[in-house]
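Next comes entry-v9.tsv, a file with TSV, C-alpha atoms.
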chain	number	residue	atom	x	y	z
O	1	MET	CA	0.00	0.00	0.00
O	2	MET	CA	2.84	2.38	0.84
O	3	ASN	CA	4.40	1.82	-2.58
O	4	LEU	CA	1.13	2.68	-4.30
O	5	ASP	CA	0.82	5.87	-2.22
O	6	GLU	CA	4.32	6.91	-3.25
O	7	GLU	CA	3.54	6.18	-6.91
O	8	ILE	CA	0.42	8.32	-6.73
O	9	LYS	CA	2.27	11.28	-5.21
O	10	LYS	CA	4.66	11.37	-8.16
O	11	ILE	CA	1.88	11.76	-10.75
O	12	PRO	CA	0.60	15.31	-11.51
O	13	VAL	CA	-2.97	15.72	-10.26
O	14	SER	CA	-3.99	17.31	-13.57
O	15	LEU	CA	-3.21	14.03	-15.38
O	16	CYS	CA	-5.36	12.01	-12.97
O	17	ILE	CA	-8.30	14.40	-13.36
O	18	ARG	CA	-8.18	14.13	-17.15
O	19	CYS	CA	-7.54	10.39	-17.15
O	20	LYS	CA	-9.70	9.17	-14.23
O	21	GLY	CA	-8.08	5.75	-14.49
O	22	ALA	CA	-9.17	5.14	-18.08
O	23	LYS	CA	-6.48	6.47	-20.42
O	24	LEU	CA	-3.31	5.72	-18.41
O	25	LEU	CA	-1.89	9.16	-19.21
O	26	CYS	CA	0.75	8.63	-16.51
O	27	GLY	CA	2.37	5.95	-18.69
O	28	LYS	CA	1.89	3.13	-16.17
O	29	SER	CA	0.50	-0.25	-17.17
O	30	ALA	CA	-2.24	0.00	-14.53
O	31	CYS	CA	-3.73	2.95	-12.62
O	32	PRO	CA	-2.25	2.94	-9.08
O	33	ILE	CA	-5.37	4.64	-7.69
O	34	VAL	CA	-7.61	1.94	-9.16
O	35	SER	CA	-5.22	-0.73	-7.87
O	36	LYS	CA	-5.40	0.76	-4.38
O	37	VAL	CA	-9.19	0.56	-4.37
O	38	TYR	CA	-9.04	-3.06	-5.53
O	39	LEU	CA	-6.88	-3.94	-2.54
O	40	THR	CA	-9.31	-2.38	-0.05
O	41	GLN	CA	-12.28	-4.51	-1.14
O	42	SER	CA	-13.06	-7.95	0.26
O	43	ILE	CA	-15.00	-9.70	-2.48
O	44	PRO	CA	-15.74	-13.46	-2.26
O	45	VAL	CA	-14.34	-15.10	-5.38
O	46	ASN	CA	-14.24	-18.79	-4.48
O	47	VAL	CA	-17.32	-19.62	-6.54
O	48	ASN	CA	-17.90	-21.70	-9.66
O	49	ASP	CA	-21.38	-20.37	-10.32
O	50	VAL	CA	-23.79	-17.73	-9.09
O	51	SER	CA	-27.55	-17.39	-9.21
O	52	GLY	CA	-30.02	-14.69	-8.26
O	53	ASP	CA	-32.42	-12.12	-9.67
O	54	SER	CA	-30.69	-9.85	-12.19
O	55	PRO	CA	-32.10	-6.26	-11.93
O	56	PRO	CA	-31.67	-6.76	-15.05
O	57	SER	CA	-28.06	-5.73	-15.53
O	58	VAL	CA	-25.44	-6.09	-18.25
O	59	PHE	CA	-21.75	-5.22	-18.44
O	60	VAL	CA	-19.71	-4.40	-21.55
O	61	GLY	CA	-15.97	-3.83	-21.16
O	62	SER	CA	-13.65	-1.85	-23.42
O	63	TYR	CA	-10.57	-4.07	-23.14
O	64	GLY	CA	-9.67	-5.70	-26.47
O	65	TYR	CA	-11.89	-3.38	-28.53
O	66	PRO	CA	-13.17	-3.98	-31.26
O	67	LYS	CA	-13.77	-7.33	-29.57
O	68	VAL	CA	-15.27	-6.83	-26.12
O	69	ARG	CA	-16.43	-8.70	-23.06
O	70	ILE	CA	-20.21	-8.63	-22.71
O	71	GLY	CA	-22.52	-10.42	-20.34
O	72	PRO	CA	-25.07	-10.33	-17.52
O	73	ALA	CA	-24.57	-9.19	-13.93
O	74	LEU	CA	-26.52	-10.32	-10.89
O	75	PRO	CA	-26.41	-10.37	-7.09
O	76	ILE	CA	-26.58	-13.63	-5.14
O	77	ARG	CA	-30.06	-12.91	-3.84
O	78	ARG	CA	-33.71	-13.30	-4.83
O	79	GLY	CA	-36.49	-10.72	-4.79
O	80	ASP	CA	-36.80	-7.16	-5.99
O	81	THR	CA	-33.25	-6.24	-6.98
O	82	ALA	CA	-34.24	-3.37	-9.30
O	83	ILE	CA	-32.54	-0.82	-7.01
O	84	TYR	CA	-29.13	-2.21	-8.05
O	85	GLU	CA	-29.63	-0.55	-11.45
O	86	ARG	CA	-31.55	2.57	-10.39
O	87	PRO	CA	-29.16	5.33	-9.27
O	88	ASP	CA	-32.14	7.69	-9.16
O	89	GLN	CA	-33.24	5.72	-6.07
O	90	TRP	CA	-29.92	6.02	-4.22
O	91	SER	CA	-30.50	9.45	-2.65
O	92	GLN	CA	-30.27	8.11	0.91
O	93	LEU	CA	-27.23	5.89	0.32
O	94	SER	CA	-23.65	6.75	1.28
O	95	VAL	CA	-20.56	6.15	-0.88
O	96	ASP	CA	-19.91	2.91	1.02
O	97	ASP	CA	-23.54	1.79	0.72
O	98	ILE	CA	-23.48	2.29	-3.05
O	99	ALA	CA	-20.12	0.54	-3.40
O	100	LYS	CA	-21.32	-2.49	-1.40
O	101	LEU	CA	-24.51	-2.65	-3.46
O	102	ARG	CA	-22.71	-2.55	-6.79
O	103	PHE	CA	-19.72	-4.70	-5.85
O	104	SER	CA	-22.13	-7.54	-5.06
O	105	LEU	CA	-23.11	-7.72	-8.75
O	106	TYR	CA	-21.22	-10.68	-10.21
O	107	ARG	CA	-20.46	-10.43	-13.92
O	108	GLY	CA	-20.29	-13.17	-16.51
O	109	TYR	CA	-19.11	-12.53	-20.04
O	110	LYS	CA	-18.08	-13.85	-23.40
O	111	VAL	CA	-15.99	-12.06	-26.01
O	112	LEU	CA	-17.85	-10.81	-29.07
O	113	PRO	CA	-16.99	-8.52	-32.00
O	114	ILE	CA	-18.69	-5.14	-31.67
O	115	ALA	CA	-20.55	-5.72	-34.95
O	116	SER	CA	-22.32	-8.81	-33.54
O	117	PRO	CA	-25.77	-7.13	-33.13
O	118	SER	CA	-26.12	-6.89	-36.92
O	119	ASP	CA	-26.34	-10.71	-36.92
O	120	PRO	CA	-26.66	-11.76	-33.25
O	121	ASN	CA	-25.85	-15.29	-32.06
O	122	SER	CA	-27.96	-17.14	-29.48
O	123	TYR	CA	-25.90	-15.82	-26.53
O	124	LEU	CA	-26.40	-12.17	-27.54
O	125	LEU	CA	-30.10	-12.75	-28.18
O	126	GLU	CA	-30.40	-14.15	-24.64
O	127	LEU	CA	-28.76	-10.99	-23.28
O	128	HIS	CA	-31.11	-8.81	-25.30
O	129	ASP	CA	-34.06	-10.74	-23.93
O	130	LEU	CA	-32.76	-10.18	-20.38
O	131	ILE	CA	-32.31	-6.43	-20.91
O	132	LEU	CA	-35.86	-6.09	-22.27
O	133	SER	CA	-37.29	-7.51	-19.04
O	134	SER	CA	-39.63	-5.19	-17.15
O	135	LYS	CA	-38.69	-6.63	-13.75
O	136	PRO	CA	-35.83	-8.56	-12.07
O	137	VAL	CA	-35.23	-11.98	-13.65
O	138	PHE	CA	-33.88	-15.15	-12.06
O	139	SER	CA	-30.56	-15.92	-13.74
O	140	GLU	CA	-27.60	-18.27	-13.38
O	141	ILE	CA	-23.98	-17.96	-14.49
O	142	GLU	CA	-21.63	-20.95	-14.57
O	143	TYR	CA	-18.01	-19.83	-14.78
O	144	SER	CA	-15.12	-21.38	-16.63
O	145	SER	CA	-12.92	-18.98	-14.60
O	146	LEU	CA	-13.57	-16.11	-12.19
O	147	GLU	CA	-11.32	-13.08	-11.73
O	148	ARG	CA	-10.91	-11.24	-8.43
O	149	LYS	CA	-11.01	-7.79	-10.02
O	150	ILE	CA	-13.91	-5.47	-9.44
O	151	HIS	CA	-14.71	-2.93	-12.13
O	152	PHE	CA	-15.29	0.80	-11.90
O	153	SER	CA	-14.66	3.91	-13.93
O	154	ALA	CA	-15.39	7.63	-13.78
O	155	GLU	CA	-18.39	7.14	-16.07
O	156	SER	CA	-20.09	3.87	-15.11
O	157	GLN	CA	-21.46	2.47	-11.88
O	158	PRO	CA	-19.10	-0.05	-10.21
O	159	PHE	CA	-19.44	-3.80	-10.79
O	160	GLY	CA	-18.28	-6.77	-8.74
O	161	PRO	CA	-16.01	-9.66	-9.83
O	162	GLY	CA	-16.31	-11.05	-13.33
O	163	GLY	CA	-15.33	-14.14	-15.23
O	164	TYR	CA	-15.79	-16.04	-18.46
O	165	ALA	CA	-19.25	-17.59	-18.60
O	166	LYS	CA	-19.35	-21.26	-19.50
O	167	ASN	CA	-23.15	-21.21	-19.38
O	168	PHE	CA	-25.77	-18.51	-18.87
O	169	TYR	CA	-29.45	-19.05	-18.17
O	170	HIS	CA	-32.36	-16.79	-17.27
O	171	GLU	CA	-36.07	-17.31	-16.84
O	172	SER	CA	-38.59	-15.70	-19.17
O	173	SER	CA	-40.11	-12.40	-18.11
O	174	PRO	CA	-42.54	-9.75	-19.44
O	175	SER	CA	-40.80	-7.16	-21.62
O	176	LEU	CA	-40.93	-3.37	-21.68
O	177	PRO	CA	-43.47	-2.92	-24.54
O	178	LYS	CA	-42.21	0.38	-25.97
O	179	VAL	CA	-38.54	-0.66	-25.81
O	180	GLU	CA	-39.34	-4.04	-27.36
O	181	LYS	CA	-41.22	-2.39	-30.23
O	182	ILE	CA	-38.26	-0.14	-31.05
O	183	TYR	CA	-35.81	-3.02	-30.65
O	184	TYR	CA	-37.58	-4.83	-33.49
O	185	ASP	CA	-37.73	-1.68	-35.64
O	186	THR	CA	-34.51	-2.20	-37.58
O	187	ASP	CA	-35.09	0.77	-39.92
O	188	LEU	CA	-35.10	3.40	-37.16
O	189	LYS	CA	-31.98	5.48	-36.55
O	190	THR	CA	-30.42	5.35	-33.08
O	191	VAL	CA	-30.92	9.08	-32.45
O	192	ASP	CA	-34.61	8.81	-33.35
O	193	ALA	CA	-35.01	5.71	-31.17
O	194	LEU	CA	-33.55	7.49	-28.12
O	195	GLU	CA	-35.78	10.52	-28.68
O	196	LEU	CA	-38.89	8.33	-28.94
O	197	LEU	CA	-38.06	6.43	-25.74
O	198	TYR	CA	-36.91	9.30	-23.50
O	199	PRO	CA	-37.98	10.47	-20.92
O	200	GLU	CA	-40.76	7.89	-20.55
O	201	THR	CA	-38.11	5.16	-20.43
O	202	SER	CA	-35.48	5.43	-17.67
O	203	ILE	CA	-32.13	6.71	-18.91
O	204	TYR	CA	-30.52	3.76	-17.12
O	205	THR	CA	-32.50	1.37	-19.33
O	206	LEU	CA	-31.53	3.38	-22.42
O	207	GLU	CA	-27.85	3.10	-21.51
O	208	LYS	CA	-28.14	-0.68	-21.42
O	209	VAL	CA	-30.04	-1.10	-24.68
O	210	PHE	CA	-27.64	1.31	-26.40
O	211	SER	CA	-24.61	-0.51	-25.00
O	212	ALA	CA	-25.86	-3.96	-26.06
O	213	GLY	CA	-26.43	-2.81	-29.65
O	214	MET	CA	-30.21	-2.97	-29.51
O	215	LEU	CA	-30.99	0.34	-31.26
O	216	GLY	CA	-30.52	1.68	-34.76
O	217	ARG	CA	-30.62	0.29	-38.25
O	218	LYS	CA	-29.93	-3.42	-38.44
O	219	ARG	CA	-26.58	-3.36	-40.26
O	220	LYS	CA	-25.25	-0.46	-38.19
O	221	ARG	CA	-26.00	-1.86	-34.75
O	222	LYS	CA	-22.90	-2.23	-32.57
O	223	ILE	CA	-21.97	-3.20	-29.04
O	224	VAL	CA	-20.68	-0.18	-27.10
O	225	PRO	CA	-18.61	-0.45	-23.88
O	226	THR	CA	-20.68	0.52	-20.85
O	227	ARG	CA	-18.71	3.63	-19.91
O	228	TRP	CA	-18.82	4.97	-23.49
O	229	SER	CA	-22.54	4.30	-23.87
O	230	ILE	CA	-23.40	6.39	-20.79
O	231	THR	CA	-21.71	9.48	-22.19
O	232	ALA	CA	-23.10	8.83	-25.68
O	233	VAL	CA	-26.69	8.72	-24.40
O	234	ASP	CA	-26.28	11.90	-22.31
O	235	LYS	CA	-24.71	13.73	-25.24
O	236	THR	CA	-27.16	12.50	-27.88
O	237	LEU	CA	-30.26	13.38	-25.87
O	238	SER	CA	-29.03	16.84	-24.90
O	239	ASP	CA	-27.67	17.61	-28.39
O	240	GLN	CA	-31.20	17.25	-29.74
O	241	MET	CA	-32.53	19.86	-27.28
O	242	ILE	CA	-30.09	22.68	-28.07
O	243	PRO	CA	-31.55	23.85	-31.43
O	244	GLU	CA	-35.05	23.95	-29.92
O	245	ILE	CA	-33.90	25.82	-26.80
O	246	ARG	CA	-32.08	28.44	-28.86
O	247	ASN	CA	-35.43	29.49	-30.38
O	248	TYR	CA	-36.85	30.39	-26.96
O	249	ASN	CA	-36.70	33.76	-25.21
O	250	GLU	CA	-33.89	34.40	-22.73
O	251	VAL	CA	-34.30	33.61	-19.03
O	252	GLU	CA	-35.49	36.52	-16.95
O	253	GLY	CA	-32.89	37.33	-14.32
O	254	ASN	CA	-29.91	35.41	-12.97
O	255	ILE	CA	-31.11	32.01	-11.77
O	256	TYR	CA	-28.99	30.28	-9.13
O	257	PHE	CA	-29.05	26.63	-7.99
O	258	HIS	CA	-27.07	24.75	-5.36
O	259	TYR	CA	-26.86	21.15	-4.16
O	260	LYS	CA	-24.48	19.05	-2.10
O	261	ARG	CA	-24.27	15.27	-1.64
O	262	ILE	CA	-21.72	12.45	-1.12
O	263	GLY	CA	-18.67	14.68	-1.28
O	264	ASN	CA	-19.85	16.62	-4.34
O	265	GLU	CA	-21.06	20.22	-4.23
O	266	TYR	CA	-22.62	22.02	-7.22
O	267	TYR	CA	-23.04	25.73	-7.88
O	268	ILE	CA	-25.10	26.42	-11.01
O	269	MET	CA	-26.17	29.67	-12.65
O	270	ILE	CA	-28.14	30.50	-15.78
O	271	ILE	CA	-28.00	34.09	-17.00
O	272	PRO	CA	-29.74	35.84	-19.94
O	273	GLY	CA	-28.14	35.25	-23.34
O	274	ASP	CA	-27.95	32.81	-26.21
O	275	TYR	CA	-26.88	29.26	-25.42
O	276	SER	CA	-23.44	28.63	-23.93
O	277	TYR	CA	-22.37	26.03	-21.41
O	278	GLU	CA	-19.39	25.91	-19.11
O	279	MET	CA	-18.45	23.37	-16.46
O	280	ILE	CA	-15.45	23.50	-14.15
O	281	GLU	CA	-14.51	20.75	-11.69
O	282	GLN	CA	-12.20	21.27	-8.71
O	283	TRP	CA	-10.87	18.08	-7.16
O	284	ASN	CA	-9.80	18.80	-3.60
O	285	ASN	CA	-7.35	17.12	-1.25
O	286	GLY	CA	-8.46	13.64	-0.18
O	287	SER	CA	-10.85	12.98	-3.08
O	288	ILE	CA	-10.37	9.86	-5.19
O	289	TRP	CA	-8.23	11.34	-8.00
O	290	THR	CA	-6.20	13.75	-5.85
O	291	GLY	CA	-5.53	11.78	-2.68
O	292	PRO	CA	-2.89	13.54	-0.57
O	293	ARG	CA	-1.87	15.86	-3.41
O	294	THR	CA	-2.76	19.51	-3.98
O	295	ALA	CA	-6.21	20.42	-5.33
O	296	SER	CA	-6.52	20.91	-9.07
O	297	ALA	CA	-9.22	22.23	-11.43
O	298	GLU	CA	-10.18	21.54	-15.03
O	299	GLY	CA	-13.04	22.67	-17.23
O	300	ASP	CA	-14.69	22.97	-20.64
O	301	TYR	CA	-16.73	25.65	-22.42
O	302	GLU	CA	-18.93	25.47	-25.50
O	303	LYS	CA	-21.16	27.70	-27.59
O	304	PRO	CA	-22.85	27.32	-31.00
O	305	GLY	CA	-20.19	27.00	-33.67
O	306	ARG	CA	-17.65	25.72	-31.15
O	307	MET	CA	-19.21	22.73	-29.43
O	308	VAL	CA	-17.27	20.36	-27.21
O	309	LEU	CA	-16.91	16.80	-28.55
O	310	ASN	CA	-14.27	15.36	-26.20
O	311	PRO	CA	-14.40	17.30	-22.92
O	312	LYS	CA	-11.34	17.38	-20.67
O	313	ILE	CA	-13.60	16.56	-17.73
O	314	ALA	CA	-15.02	13.57	-19.65
O	315	GLY	CA	-18.57	12.31	-19.22
O	316	ALA	CA	-19.43	14.61	-16.31
O	317	PHE	CA	-19.70	17.47	-18.84
O	318	PHE	CA	-22.64	15.87	-20.68
O	319	ALA	CA	-24.16	14.28	-17.55
O	320	ALA	CA	-24.63	17.74	-16.00
O	321	ARG	CA	-25.75	19.31	-19.28
O	322	LEU	CA	-28.74	16.99	-19.79
O	323	PRO	CA	-30.84	17.90	-16.69
O	324	ILE	CA	-30.09	21.63	-17.13
O	325	LEU	CA	-31.29	21.58	-20.73
O	326	GLU	CA	-34.35	19.61	-19.64
O	327	TYR	CA	-35.05	22.39	-17.14
O	328	LEU	CA	-34.71	25.09	-19.83
O	329	LYS	CA	-36.85	23.13	-22.27
O	330	GLY	CA	-39.56	22.84	-19.62
O	331	LYS	CA	-39.41	26.60	-19.00
O	332	GLU	CA	-39.15	27.38	-22.73
O	333	ARG	CA	-36.17	29.63	-22.03
O	334	LYS	CA	-32.52	29.85	-23.09
O	335	GLY	CA	-29.41	31.26	-21.43
O	336	ASN	CA	-25.73	31.03	-20.64
O	337	ILE	CA	-25.06	28.15	-18.23
O	338	MET	CA	-22.29	27.83	-15.65
O	339	VAL	CA	-21.70	24.71	-13.51
O	340	PHE	CA	-19.00	24.54	-10.84
O	341	ARG	CA	-18.45	21.18	-9.21
O	342	PHE	CA	-16.31	20.75	-6.09
O	343	ILE	CA	-15.23	17.21	-5.21
O	344	ASP	CA	-14.10	16.80	-1.62
O	345	GLY	CA	-12.44	14.14	0.53
O	346	ASP	CA	-15.73	12.37	1.24
O	347	TYR	CA	-15.76	11.20	-2.38
O	348	THR	CA	-13.34	8.33	-1.91
O	349	MET	CA	-14.41	6.10	-4.77
O	350	PRO	CA	-15.50	6.81	-8.36
O	351	LEU	CA	-19.16	5.87	-8.60
O	352	GLY	CA	-19.95	7.02	-12.13
O	353	VAL	CA	-21.40	10.14	-13.73
O	354	TRP	CA	-24.92	9.13	-12.69
O	355	GLN	CA	-24.29	11.06	-9.46
O	356	VAL	CA	-23.48	14.20	-11.48
O	357	ARG	CA	-26.71	13.82	-13.44
O	358	GLU	CA	-28.85	13.05	-10.37
O	359	ASN	CA	-27.28	15.75	-8.16
O	360	VAL	CA	-27.71	18.43	-10.82
O	361	LYS	CA	-31.30	17.26	-11.35
O	362	MET	CA	-31.91	17.72	-7.61
O	363	ALA	CA	-30.30	21.17	-7.72
O	364	MET	CA	-32.67	22.29	-10.50
O	365	ARG	CA	-35.68	21.78	-8.26
O	366	GLU	CA	-35.01	24.92	-6.21
O	367	GLU	CA	-34.67	28.24	-8.04
O	368	ASN	CA	-33.02	31.27	-6.49
O	369	TYR	CA	-32.39	34.66	-8.07
O	370	LEU	CA	-29.27	36.80	-7.68
O	371	ASP	CA	-28.81	40.44	-8.63
O	372	SER	CA	-25.58	39.88	-10.57
O	373	ILE	CA	-23.07	37.37	-11.87
O	374	ASP	CA	-20.54	38.78	-9.41
O	375	ARG	CA	-22.82	37.86	-6.52
O	376	PHE	CA	-22.74	34.25	-7.73
O	377	PHE	CA	-18.94	34.18	-7.71
O	378	GLU	CA	-18.88	35.89	-4.32
O	379	ILE	CA	-21.04	33.12	-2.84
O	380	ILE	CA	-18.55	30.55	-4.15
O	381	ARG	CA	-15.56	32.58	-2.91
O	382	ILE	CA	-16.98	32.86	0.60
O	383	ARG	CA	-18.11	29.25	0.90
O	384	ARG	CA	-15.33	27.49	-1.00
O	385	LYS	CA	-12.44	29.93	-0.37
O	386	VAL	CA	-11.64	30.20	-4.07
O	387	ASP	CA	-12.34	32.93	-6.64
O	388	LEU	CA	-13.14	31.34	-10.01
O	389	ARG	CA	-13.75	34.55	-11.95
O	390	ALA	CA	-10.36	34.38	-13.67
O	391	SER	CA	-10.98	30.71	-14.59
O	392	SER	CA	-14.48	31.18	-16.00
O	393	LYS	CA	-14.72	31.87	-19.72
O	394	THR	CA	-18.39	32.81	-19.32
O	395	TYR	CA	-17.54	35.45	-16.73
O	396	GLN	CA	-14.80	36.93	-18.90
O	397	ILE	CA	-17.09	37.13	-21.94
O	398	VAL	CA	-19.97	38.70	-19.98
O	399	LYS	CA	-17.68	41.32	-18.48
O	400	GLN	CA	-16.03	42.18	-21.78
O	401	GLN	CA	-19.19	42.41	-23.88
O	402	LYS	CA	-20.28	45.86	-24.89
O	403	LYS	CA	-24.03	46.31	-24.51
O	404	ILE	CA	-25.81	48.27	-27.24
O	405	THR	CA	-27.14	50.60	-24.55
O	406	GLU	CA	-23.57	51.83	-23.95
O	407	TYR	CA	-23.66	53.41	-27.40
O	408	VAL	CA	-27.04	55.07	-26.94
O	409	ASN	CA	-27.27	58.53	-25.36

Please lay out the structure from this file as structure tokens.
Amino acid sequence: MMNLDEEIKKIPVSLCIRCKGAKLLCGKSACPIVSKVYLTQSIPVNVNDVSGDSPPSVFVGSYGYPKVRIGPALPIRRGDTAIYERPDQWSQLSVDDIAKLRFSLYRGYKVLPIASPSDPNSYLLELHDLILSSKPVFSEIEYSSLERKIHFSAESQPFGPGGYAKNFYHESSPSLPKVEKIYYDTDLKTVDALELLYPETSIYTLEKVFSAGMLGRKRKRKIVPTRWSITAVDKTLSDQMIPEIRNYNEVEGNIYFHYKRIGNEYYIMIIPGDYSYEMIEQWNNGSIWTGPRTASAEGDYEKPGRMVLNPKIAGAFFAARLPILEYLKGKERKGNIMVFRFIDGDYTMPLGVWQVRENVKMAMREENYLDSIDRFFEIIRIRRKVDLRASSKTYQIVKQQKKITEYVN
């Protein structure tokens, strides 16, 4: 453990914030922070098979792409296990509670080419049938080998141990009618399918059907690794809202939102103007990607004509954007958006960008109005002991803009 701590101290915090254990920007063969978390978990792995009610749940890895590991996940328990796959129901759970819940999901997988959904084999069809289930389904996995490693990333919810599935079985179950109908519509584009399903269908169901290659035109369907599918769904859904929102009138006044939960604190403001969106994250001492090192911040900014495709802060950028645009769409208003996320020492394990999406959604429920943009930054300065005005592109633009009234006598 001491060696891992020393390794971590030698890596610049800015690299860890951009990488979040996924890109290995530090040049190491394995992320030392991820390795440290592995060592702190006590997961039973002396099993040859597992059985229980799958929420339903599916895991798709990215290792070996364009051939990937894909398969079911289930806890060793019977009953209503739906909560395992419903982050929107985790509001009363702590970081440890969520980790224990998710680490008890055992994964089974086989390796398939990503193009398999265009001509699915029997194994993939069984997985699709599981994902379409409207309630938890009794399932069994018989392993040919089981690995100790748990799985987590900055984007996806954690998973427990996984291994190659020798056999996989699940009972039949009623399907989600609307999702099933679109699954069998092999002439419908993926973007159109997502728009037709959301928001009536849970975004957590959409992430699974997207990941397993169950949407889109038949010959273009592909398996997408879980952590990539989450960001793709957030981005696709919110991208479709922006043109519509830009046709609305501007918000009236400076609207302020705030929310804090599980080591994450959010300060959000929407001010009059055409669409722009900025998000800055500050990872403080003791949080998962900083550890004992000095705090560091990173951010992204977009506006029409210069949209962000690959944000430096990764999937959190799009996860926060979706509920804010949903709020604006509901109000039929547009504006310039600022999101400042502070991650503190209580956030000791990456749980996925679901918590960004859900926390921002909670923040949007309570509107407050401020007399100026400077008042917003003053609130942050007083509470968080940091002045972000120099770091905010939105603030700089607002302050530098010449209003037409300045030229009128």

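Across the model, the gap from atom CA of O:Ser175 to atom CA of O:Asp129 is 8.0 Å.
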
Which residue, O:Gly61, O:Gly213, O:Gly79, O:Gly108, has the smallest gap to O:Asn48 when you use all atoms listed in the file? O:Gly108

What's the separation between atom CA of O:Thr348 and atom CA of O:Ile288, in Å to one decimal place?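 Atom-to-atom, atom CA of O:Thr348 to atom CA of O:Ile288, that is 4.7 Å.
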
Just give me the gap between atom CA of O:Asn249 and atom CA of O:Tyr327 in Å, one decimal is fine.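 Separation of atom CA of O:Asn249 and atom CA of O:Tyr327: 14.0 Å.
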
With stretch 114-123 of chain O as the partner and 12 Å as the cut-off, tabulate the residues of stretch 129-226 of chain O that qualify, each row holding the nearest pair of atoms and their distance in Å to one decimal, using all atoms listed in the file, sorted by chain and rising number, as a Markdown table.
| residue | atom | partner | partner_atom | distance |
| --- | --- | --- | --- | --- |
| O:Asp129 | CA | O:Tyr123 | CA | 10.0 |
| O:Leu130 | CA | O:Tyr123 | CA | 10.8 |
| O:Ala165 | CA | O:Tyr123 | CA | 10.5 |
| O:Lys166 | CA | O:Tyr123 | CA | 11.0 |
| O:Asn167 | CA | O:Tyr123 | CA | 9.4 |
| O:Phe168 | CA | O:Tyr123 | CA | 8.1 |
| O:Tyr169 | CA | O:Tyr123 | CA | 9.6 |
| O:His170 | CA | O:Tyr123 | CA | 11.3 |
| O:Tyr183 | CA | O:Pro117 | CA | 11.1 |
| O:Thr186 | CA | O:Ser118 | CA | 9.6 |
| O:Val209 | CA | O:Pro117 | CA | 11.2 |
| O:Phe210 | CA | O:Pro117 | CA | 11.0 |
| O:Ser211 | CA | O:Ile114 | CA | 10.0 |
| O:Ala212 | CA | O:Pro117 | CA | 7.7 |
| O:Gly213 | CA | O:Pro117 | CA | 5.6 |
| O:Met214 | CA | O:Pro117 | CA | 7.1 |
| O:Leu215 | CA | O:Pro117 | CA | 9.3 |
| O:Gly216 | CA | O:Ser118 | CA | 9.9 |
| O:Arg217 | CA | O:Ser118 | CA | 8.6 |
| O:Lys218 | CA | O:Ser118 | CA | 5.4 |
| O:Arg219 | CA | O:Ser118 | CA | 4.9 |
| O:Lys220 | CA | O:Ser118 | CA | 6.6 |
| O:Arg221 | CA | O:Ser118 | CA | 5.5 |
| O:Lys222 | CA | O:Ala115 | CA | 4.8 |
| O:Ile223 | CA | O:Ile114 | CA | 4.6 |
| O:Val224 | CA | O:Ile114 | CA | 7.0 |
| O:Pro225 | CA | O:Ile114 | CA | 9.1 |

Written selection (C-alpha atoms) as a compact mmCIF listing (two decimals), in the coordinates of the input:
# COMPACT_ATOMS: atom_id res chain seq x y z
CA ASP O 129 -34.06 -10.74 -23.93
CA LEU O 130 -32.76 -10.18 -20.38
CA ALA O 165 -19.25 -17.59 -18.60
CA LYS O 166 -19.35 -21.26 -19.50
CA ASN O 167 -23.15 -21.21 -19.38
CA PHE O 168 -25.77 -18.51 -18.87
CA TYR O 169 -29.45 -19.05 -18.17
CA HIS O 170 -32.36 -16.79 -17.27
CA TYR O 183 -35.81 -3.02 -30.65
CA THR O 186 -34.51 -2.20 -37.58
CA VAL O 209 -30.04 -1.10 -24.68
CA PHE O 210 -27.64 1.31 -26.40
CA SER O 211 -24.61 -0.51 -25.00
CA ALA O 212 -25.86 -3.96 -26.06
CA GLY O 213 -26.43 -2.81 -29.65
CA MET O 214 -30.21 -2.97 -29.51
CA LEU O 215 -30.99 0.34 -31.26
CA GLY O 216 -30.52 1.68 -34.76
CA ARG O 217 -30.62 0.29 -38.25
CA LYS O 218 -29.93 -3.42 -38.44
CA ARG O 219 -26.58 -3.36 -40.26
CA LYS O 220 -25.25 -0.46 -38.19
CA ARG O 221 -26.00 -1.86 -34.75
CA LYS O 222 -22.90 -2.23 -32.57
CA ILE O 223 -21.97 -3.20 -29.04
CA VAL O 224 -20.68 -0.18 -27.10
CA PRO O 225 -18.61 -0.45 -23.88

I need the residue nearest O:Ala319 from this list: O:Lys10, O:Arg86, O:Arg333, O:Lys235. Use all atoms listed in the file for the distance. O:Lys235

Considering only C-alpha atoms, return as a CSV table (one decimal) with C-alpha atoms, in the coordinates of the input whatever protein or nucleic-acid residues lie within 9 Å of O:Ala99, sequence-local ones (same chain, fewer than 6 positions apart) excluded.
chain,number,residue,atom,x,y,z
O,157,GLN,CA,-21.5,2.5,-11.9
O,158,PRO,CA,-19.1,0.0,-10.2
O,159,PHE,CA,-19.4,-3.8,-10.8
O,349,MET,CA,-14.4,6.1,-4.8
O,351,LEU,CA,-19.2,5.9,-8.6

Need to verify the contact set: O:Ser276, 6 Å, all atoms listed in the file, exclusion of same-chain residues closer than 3 positions in sequence. Can you return it as a ChimeraX atom specification? /O:302-303,336-337

Generate the output file for the selected residues, C-alpha atoms, as a short mmCIF file (atom, residue, chain, number, x, y, z; two decimals), in the frame of the given file.
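This is the output file selection.cif:
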data_model
loop_
_atom_site.label_atom_id
_atom_site.label_comp_id
_atom_site.auth_asym_id
_atom_site.auth_seq_id
_atom_site.Cartn_x
_atom_site.Cartn_y
_atom_site.Cartn_z
CA GLU O 302 -18.93 25.47 -25.50
CA LYS O 303 -21.16 27.70 -27.59
CA ASN O 336 -25.73 31.03 -20.64
CA ILE O 337 -25.06 28.15 -18.23
#

Contact residues around O:Asn368 with all atoms listed in the file at 7 Å, ignoring same-chain residues under 2 positions, as an NGL selection string: :O and (255-257 or 366 or 370)
